[in-house]
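Working notes for the structure below.
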Amino acid sequence: MKIKSYFSRTVEDAMALASQELGPEAMLLNSRKAPLEARHLGEYEVVFANVMPAGEAPDSALEAAAPASVAARPPLGDQLSRDVADLKRELEGMRRTLTRSALAPSQWVGGSPDLSDAYAALTASEVGPELAREIVQGVEAHLVGPRPPAGRTPRHFDKAAFQRALVEELGSRFQAQPSLGRGESPPRIVALVGPPGSGKTTTLVKLAVNYGLVSRRPVLLLSMDTYRVAAAEQLRSYAAILGVGFQVLETTTALAQAIEENRGKELILIDTPGFGFGDMDSASGLAQFVSARSDIDPHLVLPASMKSTDLSSVVDSFEIFRPQRLLFTKLDETGSFGPILNEAARTGKALSFFTDGQRIPEDLEAATRNRLVELILTGSSSRARTAA
């Protein structure tokens with residue numbers, strides 16, 4: 001079986017090339033828009049398979065010429081397994097070729113397969129192509145110097161050294177600051193802002209337990225979410241269970257007054273409405289209040305499962321709140337964690353906390369460099385937990 005990809009301006013042109021080279025027996029496996037890293041080869045990628053190489057007689061002719069060979073043929077299941085294995089090898093070769101071509105051919109001809117594989121792993125985790133290229137180039141510079149010799153032959157690096165360099169380079173691309181509040185003196189005031197459904201209310205309760213009650217700090221929960229039906233009642237119920245103070249506020253004036261009246265609390269957590277793209281005008285008043293207060297620490301709460309392009313748009317739209325940190329939720333709902341790195345690197349904002357489930361208070365962890373690097377390289381949010 002022969003598998004080959006054809007890149008061309010149109011699907012029809014690619015099909016014509018395949019028919020000319022592989023013959024009329026060529027079988028179309030897939031057609032799609034070419035990936036960004038291979039777009040320079042053509043607008044479309046069309047994959048063909050030729051299951052009967054040129055010059056080989058059809059099965060019927062072989063049976064007629066040599067009936068005894070039929071009995072010698074392997075079982076159909078074994079043949080199918082071998083064909084699938086061959087297909088996987090062909091596709092893996094195509095992947096390596098494409099990723100190497102994406103790595104600036106003028107600079108990477110003869111480069112290490114380890115670098116190509118690292119680039120492929122990063123982009124598979126949805127790290128942006130440009131950022132992935134910078135990281136891989138940083139790894140190479142760390143291992144062989146800033147100016148590798150031209151025309152070098154492919155090399156394999158020491159596995160442990162390569163892994164350490166990759167982890168170090170990834171970790172250098174973002175900051176982690178798992179803290180609440182802008183100063184050491186109480187009260188520490190935190191506002192959670194973000195789009196609808198990002199998990200602000202549940203996260204706020206997890207923070208109240210882990211960074212308030214566990215440390216025996218007096219906590220106050222304030223809700224500005226009067227938009228969503230029963231949102232305030234949900235938080236009121238949590239507050240009653242936890243035995244902490246709670247208030248529902250409808251205006252920024254009332255919010256300012258509540259903060260002043262509760263300066264004796266050590267931790268004040270503010271829940272805000274979820275604002276979509278079309279709601280940002282109605283968010284302007286609250287955003288102006290939060291961004292103007294030097295004592296309020298706004299954290300932008302974002303679902304890790306959101307597409308990278310949408311994530312960037314949301315982060316930019318919430319810049320009116322001037323959030324200092326990014327807090328990512330729903331890590332258990334995705335296997336691609338590159339978008340987290342993309343936004344942290346793009347905006348320069350520090351990562352504060354991660355959540356990966358609905359359990360209160362267990363499914364909350366402080367964001368660290370090692371944790372995000374692990375997520376990107378393993379593609380799994382599972383972690384060992386101990387009972388409280």
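Each chain in the structure tokens gets a letter, A, B and so on, in the order shown; residues start at 1 in every chain, and ligands are counted from 1 in the order they appear.
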Excluding Ala367 (chain A) and its own-chain neighbours fewer than 5 positions away, which residues fall within 12 Å of it when counting only C-alpha atoms? Please give them as a ChimeraX atom specification.
/A:174-179,325-329,331,340-341,344,350-356,372-375
Expected file: the selected residues, C-alpha atoms, as a PDB file, in the first residue's frame:
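The new file result_38.pdb reads:
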ATOM      1  CA  PHE A 174       5.144  32.347  31.449  1.00  0.00           C
ATOM      2  CA  GLN A 175       4.744  33.346  35.091  1.00  0.00           C
ATOM      3  CA  ALA A 176       2.824  31.675  37.907  1.00  0.00           C
ATOM      4  CA  GLN A 177       1.579  33.715  40.896  1.00  0.00           C
ATOM      5  CA  PRO A 178      -0.919  31.704  42.965  1.00  0.00           C
ATOM      6  CA  SER A 179      -1.855  34.469  45.386  1.00  0.00           C
ATOM      7  CA  ARG A 325      -3.926  37.160  36.678  1.00  0.00           C
ATOM      8  CA  LEU A 326      -5.506  34.387  34.623  1.00  0.00           C
ATOM      9  CA  LEU A 327      -7.359  31.581  36.403  1.00  0.00           C
ATOM     10  CA  PHE A 328      -8.156  28.525  34.279  1.00  0.00           C
ATOM     11  CA  THR A 329     -11.030  26.153  35.033  1.00  0.00           C
ATOM     12  CA  LEU A 331      -8.948  21.349  32.903  1.00  0.00           C
ATOM     13  CA  ILE A 340      -3.172  28.307  28.423  1.00  0.00           C
ATOM     14  CA  LEU A 341       0.487  28.813  27.576  1.00  0.00           C
ATOM     15  CA  ALA A 344       0.048  33.589  29.395  1.00  0.00           C
ATOM     16  CA  ALA A 350       0.558  35.482  35.485  1.00  0.00           C
ATOM     17  CA  LEU A 351      -1.385  32.259  36.058  1.00  0.00           C
ATOM     18  CA  SER A 352      -2.995  32.047  39.498  1.00  0.00           C
ATOM     19  CA  PHE A 353      -5.031  28.866  39.952  1.00  0.00           C
ATOM     20  CA  PHE A 354      -6.337  25.798  38.097  1.00  0.00           C
ATOM     21  CA  THR A 355      -9.524  23.823  38.676  1.00  0.00           C
ATOM     22  CA  ASP A 356     -10.190  20.403  37.197  1.00  0.00           C
ATOM     23  CA  LEU A 372       1.556  23.602  33.234  1.00  0.00           C
ATOM     24  CA  VAL A 373       4.666  22.098  31.618  1.00  0.00           C
ATOM     25  CA  GLU A 374       3.456  18.677  32.749  1.00  0.00           C
ATOM     26  CA  LEU A 375      -0.005  19.319  31.316  1.00  0.00           C
TER      27      LEU A 375
END
Give me the residues near region 244-248 of chain A as a PyMOL selection string, where near means some atom within 10 Å (using only C-alpha atoms) and where sequence neighbours in that chain fewer than 2 positions away do not count.
chain A and resi 208-209+212-213+218-226+232-233+235-242+250-251+254-255+258+262+265+268-271
Residues from the last selection, C-alpha atoms, saved as an mmCIF file, in the first residue's frame:
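Now in result_19.cif:
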data_model
loop_
_atom_site.group_PDB
_atom_site.id
_atom_site.type_symbol
_atom_site.label_atom_id
_atom_site.label_comp_id
_atom_site.auth_asym_id
_atom_site.auth_seq_id
_atom_site.Cartn_x
_atom_site.Cartn_y
_atom_site.Cartn_z
ATOM 1 C CA ALA A 208 -13.057 30.690 50.241
ATOM 2 C CA VAL A 209 -12.540 27.251 51.746
ATOM 3 C CA GLY A 212 -10.017 31.388 54.079
ATOM 4 C CA LEU A 213 -11.553 28.768 56.308
ATOM 5 C CA PRO A 218 -12.580 35.631 58.387
ATOM 6 C CA VAL A 219 -14.184 35.505 54.941
ATOM 7 C CA LEU A 220 -16.894 37.569 53.257
ATOM 8 C CA LEU A 221 -18.601 36.618 49.992
ATOM 9 C CA LEU A 222 -20.132 39.405 47.892
ATOM 10 C CA SER A 223 -22.301 38.776 44.837
ATOM 11 C CA MET A 224 -22.811 41.293 42.054
ATOM 12 C CA ASP A 225 -24.456 38.653 39.848
ATOM 13 C CA THR A 226 -28.069 39.767 39.699
ATOM 14 C CA ALA A 232 -27.034 34.775 44.207
ATOM 15 C CA GLU A 233 -29.112 32.106 45.929
ATOM 16 C CA LEU A 235 -23.794 31.444 46.563
ATOM 17 C CA ARG A 236 -25.994 32.244 49.567
ATOM 18 C CA SER A 237 -26.473 28.508 50.135
ATOM 19 C CA TYR A 238 -22.725 27.889 49.986
ATOM 20 C CA ALA A 239 -22.104 30.740 52.432
ATOM 21 C CA ALA A 240 -24.649 29.293 54.875
ATOM 22 C CA ILE A 241 -23.020 25.863 54.697
ATOM 23 C CA LEU A 242 -19.561 27.335 55.237
ATOM 24 C CA GLU A 250 -26.768 45.642 42.872
ATOM 25 C CA THR A 251 -24.612 48.739 42.371
ATOM 26 C CA ALA A 254 -23.240 49.446 47.404
ATOM 27 C CA LEU A 255 -20.146 47.363 46.665
ATOM 28 C CA ALA A 258 -19.785 46.874 51.737
ATOM 29 C CA ASN A 262 -15.997 44.941 56.317
ATOM 30 C CA LYS A 265 -12.375 40.696 57.271
ATOM 31 C CA ILE A 268 -13.275 39.415 50.624
ATOM 32 C CA LEU A 269 -14.283 37.520 47.472
ATOM 33 C CA ILE A 270 -16.491 39.210 44.858
ATOM 34 C CA ASP A 271 -18.563 37.195 42.375
#
Distance query Glu343 (chain A) at most 7 Å, only C-alpha atoms, self and fewer than 4 positions along chain excluded, as a PyMOL selection string:
chain A and resi 312+339+347
So that I can see what lies close to Leu192 (chain A), please list as an MDAnalysis selection string the residues with an atom at most 9 Å from it, counting only C-alpha atoms and leaving out residues fewer than 5 positions away in the same chain.
chainID A and resid 200:201 203:204 269:272 297:301 327
Output C-alpha atoms for every residue in that selection, as a CSV table (one decimal), in the first residue's frame.
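New file result_25.csv:
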chain,number,residue,atom,x,y,z
A,200,LYS,CA,-16.6,31.7,38.6
A,201,THR,CA,-19.1,31.0,41.5
A,203,THR,CA,-14.2,28.6,42.0
A,204,LEU,CA,-15.0,31.4,44.4
A,269,LEU,CA,-14.3,37.5,47.5
A,270,ILE,CA,-16.5,39.2,44.9
A,271,ASP,CA,-18.6,37.2,42.4
A,272,THR,CA,-19.5,39.1,39.2
A,297,ASP,CA,-7.2,42.1,42.7
A,298,PRO,CA,-9.2,41.0,39.6
A,299,HIS,CA,-8.6,37.4,38.3
A,300,LEU,CA,-9.9,36.6,34.8
A,301,VAL,CA,-11.6,33.1,35.0
A,327,LEU,CA,-7.4,31.6,36.4
At a cut-off of 7 Å, using only C-alpha atoms, what residues contact Gly274 (chain A)? Leave out same-chain residues fewer than 3 positions from it and give the result as a PyMOL selection string.
chain A and resi 194-196
Expected file contents, prior selection, N, CA and C atoms, as an mmCIF file, in the first residue's frame:
data_model
loop_
_atom_site.group_PDB
_atom_site.id
_atom_site.type_symbol
_atom_site.label_atom_id
_atom_site.label_comp_id
_atom_site.auth_asym_id
_atom_site.auth_seq_id
_atom_site.Cartn_x
_atom_site.Cartn_y
_atom_site.Cartn_z
ATOM 1 N N GLY A 194 -15.230 37.113 34.218
ATOM 2 C CA GLY A 194 -15.075 36.165 33.118
ATOM 3 C C GLY A 194 -16.368 35.945 32.364
ATOM 4 N N PRO A 195 -16.305 35.143 31.304
ATOM 5 C CA PRO A 195 -17.491 34.893 30.476
ATOM 6 C C PRO A 195 -18.484 33.983 31.179
ATOM 7 N N PRO A 196 -19.717 33.909 30.690
ATOM 8 C CA PRO A 196 -20.716 33.019 31.285
ATOM 9 C C PRO A 196 -20.259 31.562 31.223
#
Those in region 185-349 of chain A with alpha helix (DSSP H) from DSSP, as an NGL selection string:
:A and (200-208 or 231-242 or 252-261 or 284-292 or 308-317 or 338-347)
Residue nearest Ser294 (chain A) - candidates A:Arg216, A:His142, A:Arg188, A:Arg346, atoms counted: only C-alpha atoms:
A:Arg188
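Taking CA of Gly171 (chain A) and CA of Arg369 (chain A) as endpoints, the distance between them is 5.5 Å.
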From a DSSP calculation on the backbone, collect every residue of region 346-378 of chain A in strand (DSSP E) and output the set as a count of residues only.
9
